[in-house]
Amino acid sequence: MTAGTAEEVARLRPIVRRLREHVIRMIAAAGSGHPGGSLSAAEIVTVLFFHTLRRRTGDPTWPERDRFVISKGHGVPILYAALAEAGELPVAELETLRKLGSRLQGHPDRVALPWVEAATGSLGQGLSLALGMALASRLDGNRYRVFCLLGDGETQSGQVWEAAMASGKYKPEKLVVVLDYNKVQLDGPIKEIMDPEPLAEKWRSFNWNVRTIADGNDLGQVIEALDEAGRGGGPWLLLAHTVKGKGVSFMEGKWAWHGKAPTAEEAARALEEIARHG
């Protein structure tokens with residue numbers, strides 16, 4: 001790790017902690033939601049929003065902004081948490097998650113919330129949308145980059161591979177996909193339901209540049225991978241090995257916490273752990 005990366009890790013670590021706290025609080029307040037896959041992506045989303053993405057605070061339609069598509073739309077609480085920390089929406093609004101009339105629906109709503117680049121949650125569609133944006137960027141002189149967060153269970157959808165094949169053919173230079181490989185989906189371990197391996201080899205066979213992030217919950221590793229891919233030469237696939245429910249011991253690696261809200265007591269325990277361990 002370089003000195004510069006170490007400094008960034010120190011700066012970003014408190015933001016990761018706050019994002020995890022936001023996720024627990026908002027899902028507990030809603031009484032429903034998806035904590036496991038939101039927590040596993042905390043480092044990835046933190047690095048994207050507070051290190052990588054070119055954006056202007058308060059200007060969600062700036063033409064030269066980098067685009068972020070959260071294809072695993074059920075993990076949107078981590079996006080809402082990042083937007084709140086970035087000053088794009090009030091922190092108090094997070095507790096309206098999944099409430100009737102709220103801008104913060106259980107899956108991202110582009111019409112309701114202008115910082116959302118695409119309405120997702122019908123799994124498998126986000127990469128197609130991101131590819132279209134990246135090709136549009138090329139037509140517009142490569143003025144912006146496009147980052148897409150995929151779920152691992154989502155790669156069981158055929159549309160992901162159609163988009164991967166098209167990306168390999170058209171080679172959009174500014175497309176970067178991060179695969180949140182936490183290895184657990186709604187009904188159990190991904191390998192027992194529909195094992196996607198060998199993932200790295202498959203993406204390479206579709207003419208993608210592939211970099212494995214051995215620990216996708218390590219800020220330094222995520223920073224270095226996104227710095228490389230963000231320089232261009234795409235399409236890039238960053239295969240990030242993460243832990244479902246990361247940061248909360250009783251959620252880590254447990255499929256039961258894919259889509260279940262913590263009780264008030266469980267939320268208090270989770271917040272205490274996050275505060276203690278960061």
# chains A, B, ... in the order shown; residues from 1 in each chain; ligands from 1
>>> residues_around(residues="Asn182 (chain A)", least_positions_apart="6", cutoff="10 Å", atoms="only C-alpha atoms", output="ChimeraX atom specification")
/A:36-37,40-41,151-153,189-190,216,240-246,252-253
>>> write_last_selection(atoms="C-alpha atoms", output="CSV table (one decimal), in the first residue's frame")
chain,number,residue,atom,x,y,z
A,36,GLY,CA,-26.6,-8.3,4.2
A,37,GLY,CA,-25.8,-7.1,0.7
A,40,SER,CA,-21.0,-6.2,2.2
A,41,ALA,CA,-20.7,-3.3,-0.3
A,151,GLY,CA,-24.5,-8.8,-7.2
A,152,ASP,CA,-23.1,-12.3,-7.4
A,153,GLY,CA,-26.5,-14.1,-7.4
A,189,PRO,CA,-24.9,-20.2,-0.5
A,190,ILE,CA,-24.6,-19.2,-4.2
A,216,GLY,CA,-13.4,-6.4,-1.1
A,240,ALA,CA,-14.4,-8.2,-5.1
A,241,HIS,CA,-14.5,-11.0,-2.5
A,242,THR,CA,-16.6,-9.6,0.3
A,243,VAL,CA,-18.5,-10.9,3.4
A,244,LYS,CA,-22.3,-10.8,3.5
A,245,GLY,CA,-23.4,-8.7,6.4
A,246,LYS,CA,-19.9,-7.4,7.0
A,252,GLU,CA,-21.9,-12.2,8.6
A,253,GLY,CA,-22.2,-15.0,6.0
>>> residues_around(residues="region 115-131 of chain A", least_positions_apart="2", cutoff="8 Å", atoms="only C-alpha atoms", output="number ranges by chain")
A: 60-61, 67-74, 107-110, 113, 133-135, 146-148, 150, 154-155, 157-160, 163-164, 167, 172, 175, 177
>>> write_last_selection(atoms="N, CA and C atoms", output="compact mmCIF listing (two decimals), in the first residue's frame")
# COMPACT_ATOMS: atom_id res chain seq x y z
N PRO A 60 -27.13 16.94 -9.65
CA PRO A 60 -27.24 15.55 -10.10
C PRO A 60 -27.32 15.37 -11.61
N THR A 61 -27.51 16.44 -12.36
CA THR A 61 -27.63 16.32 -13.82
C THR A 61 -26.43 16.94 -14.55
N ARG A 67 -21.18 8.22 -13.91
CA ARG A 67 -22.44 7.55 -13.60
C ARG A 67 -22.20 6.33 -12.71
N PHE A 68 -23.13 6.08 -11.78
CA PHE A 68 -23.09 4.88 -10.95
C PHE A 68 -24.43 4.17 -11.03
N VAL A 69 -24.40 2.93 -11.46
CA VAL A 69 -25.61 2.10 -11.55
C VAL A 69 -25.50 0.99 -10.53
N ILE A 70 -26.42 0.96 -9.56
CA ILE A 70 -26.45 -0.14 -8.60
C ILE A 70 -27.41 -1.18 -9.15
N SER A 71 -26.85 -2.16 -9.86
CA SER A 71 -27.68 -3.16 -10.53
C SER A 71 -28.41 -4.04 -9.52
N LYS A 72 -27.73 -4.38 -8.41
CA LYS A 72 -28.40 -5.14 -7.35
C LYS A 72 -29.24 -4.16 -6.54
N GLY A 73 -30.38 -3.81 -7.09
CA GLY A 73 -31.18 -2.71 -6.57
C GLY A 73 -31.65 -2.89 -5.15
N HIS A 74 -31.78 -4.14 -4.68
CA HIS A 74 -32.21 -4.36 -3.30
C HIS A 74 -31.16 -3.89 -2.29
N HIS A 107 -36.30 -0.23 -3.78
CA HIS A 107 -35.41 -0.31 -4.93
C HIS A 107 -35.31 1.11 -5.50
N PRO A 108 -34.18 1.46 -6.10
CA PRO A 108 -33.97 2.85 -6.51
C PRO A 108 -34.96 3.33 -7.55
N ASP A 109 -35.48 4.53 -7.33
CA ASP A 109 -36.49 5.13 -8.20
C ASP A 109 -35.90 6.40 -8.82
N ARG A 110 -35.58 6.35 -10.09
CA ARG A 110 -34.93 7.48 -10.77
C ARG A 110 -35.85 8.70 -10.83
N LEU A 113 -35.90 10.24 -7.12
CA LEU A 113 -34.63 10.71 -6.56
C LEU A 113 -33.65 10.99 -7.69
N MET A 133 -24.96 3.55 -21.27
CA MET A 133 -24.40 4.83 -20.83
C MET A 133 -22.94 4.97 -21.26
N ALA A 134 -22.18 3.88 -21.16
CA ALA A 134 -20.77 3.93 -21.53
C ALA A 134 -20.59 4.15 -23.03
N LEU A 135 -21.46 3.54 -23.83
CA LEU A 135 -21.39 3.76 -25.27
C LEU A 135 -21.81 5.19 -25.61
N VAL A 146 -18.52 5.17 -16.35
CA VAL A 146 -19.71 4.50 -15.85
C VAL A 146 -19.27 3.33 -14.97
N PHE A 147 -19.76 3.34 -13.74
CA PHE A 147 -19.45 2.28 -12.78
C PHE A 147 -20.74 1.53 -12.44
N CYS A 148 -20.66 0.21 -12.42
CA CYS A 148 -21.85 -0.62 -12.19
C CYS A 148 -21.54 -1.62 -11.09
N LEU A 150 -22.63 -5.01 -9.44
CA LEU A 150 -23.40 -6.23 -9.65
C LEU A 150 -23.41 -7.08 -8.39
N GLU A 154 -26.93 -12.27 -8.88
CA GLU A 154 -27.45 -11.63 -10.09
C GLU A 154 -26.81 -12.20 -11.36
N THR A 155 -25.58 -12.68 -11.24
CA THR A 155 -24.91 -13.23 -12.43
C THR A 155 -25.53 -14.53 -12.89
N SER A 157 -28.46 -14.50 -13.91
CA SER A 157 -29.41 -14.00 -14.91
C SER A 157 -28.74 -13.94 -16.28
N GLY A 158 -29.42 -14.45 -17.28
CA GLY A 158 -28.84 -14.50 -18.62
C GLY A 158 -28.55 -13.15 -19.22
N GLN A 159 -29.34 -12.13 -18.87
CA GLN A 159 -29.11 -10.81 -19.45
C GLN A 159 -27.75 -10.25 -19.07
N VAL A 160 -27.24 -10.63 -17.90
CA VAL A 160 -25.90 -10.18 -17.51
C VAL A 160 -24.88 -10.63 -18.56
N ALA A 163 -25.15 -8.78 -21.90
CA ALA A 163 -24.50 -7.47 -21.80
C ALA A 163 -22.99 -7.61 -21.73
N ALA A 164 -22.52 -8.64 -21.04
CA ALA A 164 -21.07 -8.87 -20.97
C ALA A 164 -20.51 -9.18 -22.35
N SER A 167 -20.48 -5.98 -24.37
CA SER A 167 -19.40 -5.11 -23.90
C SER A 167 -18.05 -5.57 -24.44
N PRO A 172 -16.36 -0.60 -24.56
CA PRO A 172 -16.45 0.76 -24.03
C PRO A 172 -15.31 1.03 -23.04
N LEU A 175 -16.15 1.84 -19.02
CA LEU A 175 -17.08 1.00 -18.24
C LEU A 175 -16.30 0.16 -17.23
N VAL A 177 -17.15 -2.50 -13.98
CA VAL A 177 -18.12 -3.27 -13.20
C VAL A 177 -17.42 -3.81 -11.96
>>> closest_residue(among="A:Val16, A:Ala136, A:Leu39, A:Ala29", to="Ala92 (chain A)", atoms="only C-alpha atoms")
A:Ala29
>>> residues_around(residues="Ala264 (chain A)", least_positions_apart="3", cutoff="12 Å", atoms="only C-alpha atoms", output="JSON, numbers by chain")
{"A": [24, 25, 26, 27, 28, 29, 30, 31, 261, 267, 268, 269, 270, 271]}
>>> write_last_selection(atoms="N, CA and C atoms", output="mmCIF file, in the first residue's frame")
data_model
loop_
_atom_site.group_PDB
_atom_site.id
_atom_site.type_symbol
_atom_site.label_atom_id
_atom_site.label_comp_id
_atom_site.auth_asym_id
_atom_site.auth_seq_id
_atom_site.Cartn_x
_atom_site.Cartn_y
_atom_site.Cartn_z
ATOM 1 N N ILE A 24 -28.131 0.085 9.099
ATOM 2 C CA ILE A 24 -28.830 -0.602 10.186
ATOM 3 C C ILE A 24 -30.010 0.225 10.678
ATOM 4 N N ARG A 25 -29.785 1.507 10.878
ATOM 5 C CA ARG A 25 -30.862 2.353 11.420
ATOM 6 C C ARG A 25 -32.036 2.439 10.451
ATOM 7 N N MET A 26 -31.758 2.643 9.179
ATOM 8 C CA MET A 26 -32.882 2.851 8.257
ATOM 9 C C MET A 26 -33.675 1.565 8.036
ATOM 10 N N ILE A 27 -32.987 0.423 7.955
ATOM 11 C CA ILE A 27 -33.704 -0.835 7.738
ATOM 12 C C ILE A 27 -34.489 -1.216 8.988
ATOM 13 N N ALA A 28 -33.917 -0.966 10.156
ATOM 14 C CA ALA A 28 -34.655 -1.235 11.397
ATOM 15 C C ALA A 28 -35.899 -0.356 11.488
ATOM 16 N N ALA A 29 -35.771 0.909 11.102
ATOM 17 C CA ALA A 29 -36.921 1.823 11.137
ATOM 18 C C ALA A 29 -37.995 1.403 10.148
ATOM 19 N N ALA A 30 -37.569 0.889 8.999
ATOM 20 C CA ALA A 30 -38.524 0.462 7.976
ATOM 21 C C ALA A 30 -39.218 -0.840 8.352
ATOM 22 N N GLY A 31 -38.507 -1.680 9.101
ATOM 23 C CA GLY A 31 -39.055 -2.994 9.431
ATOM 24 C C GLY A 31 -38.938 -3.985 8.295
ATOM 25 N N ALA A 261 -35.099 -7.450 8.300
ATOM 26 C CA ALA A 261 -34.751 -6.283 9.120
ATOM 27 C C ALA A 261 -34.432 -6.716 10.546
ATOM 28 N N ALA A 267 -30.752 -4.348 16.285
ATOM 29 C CA ALA A 267 -30.159 -3.140 15.723
ATOM 30 C C ALA A 267 -29.214 -2.489 16.721
ATOM 31 N N ALA A 268 -29.602 -2.453 17.988
ATOM 32 C CA ALA A 268 -28.738 -1.879 19.019
ATOM 33 C C ALA A 268 -27.440 -2.664 19.134
ATOM 34 N N ARG A 269 -27.534 -3.997 19.085
ATOM 35 C CA ARG A 269 -26.322 -4.836 19.129
ATOM 36 C C ARG A 269 -25.456 -4.577 17.912
ATOM 37 N N ALA A 270 -26.073 -4.484 16.752
ATOM 38 C CA ALA A 270 -25.321 -4.255 15.514
ATOM 39 C C ALA A 270 -24.597 -2.919 15.563
ATOM 40 N N LEU A 271 -25.286 -1.868 15.995
ATOM 41 C CA LEU A 271 -24.687 -0.550 16.055
ATOM 42 C C LEU A 271 -23.538 -0.497 17.062
#
>>> residues_around(residues="Asp187 (chain A)", least_positions_apart="2", cutoff="8 Å", atoms="only C-alpha atoms", output="number ranges by chain")
A: 185, 189, 193, 255-256
>>> write_last_selection(atoms="C-alpha atoms", output="PDB file, in the first residue's frame")
ATOM      1  CA  GLN A 185     -28.039 -15.066  -1.843  1.00  0.00           C
ATOM      2  CA  PRO A 189     -24.905 -20.187  -0.545  1.00  0.00           C
ATOM      3  CA  ILE A 193     -28.006 -22.773  -5.918  1.00  0.00           C
ATOM      4  CA  TRP A 255     -28.309 -16.028   4.132  1.00  0.00           C
ATOM      5  CA  ALA A 256     -31.141 -15.338   6.605  1.00  0.00           C
TER       6      ALA A 256
END
>>> closest_residue(among="A:Glu85, A:Glu173, A:Glu162, A:Glu95", to="Arg138 (chain A)", atoms="only C-alpha atoms")
A:Glu173
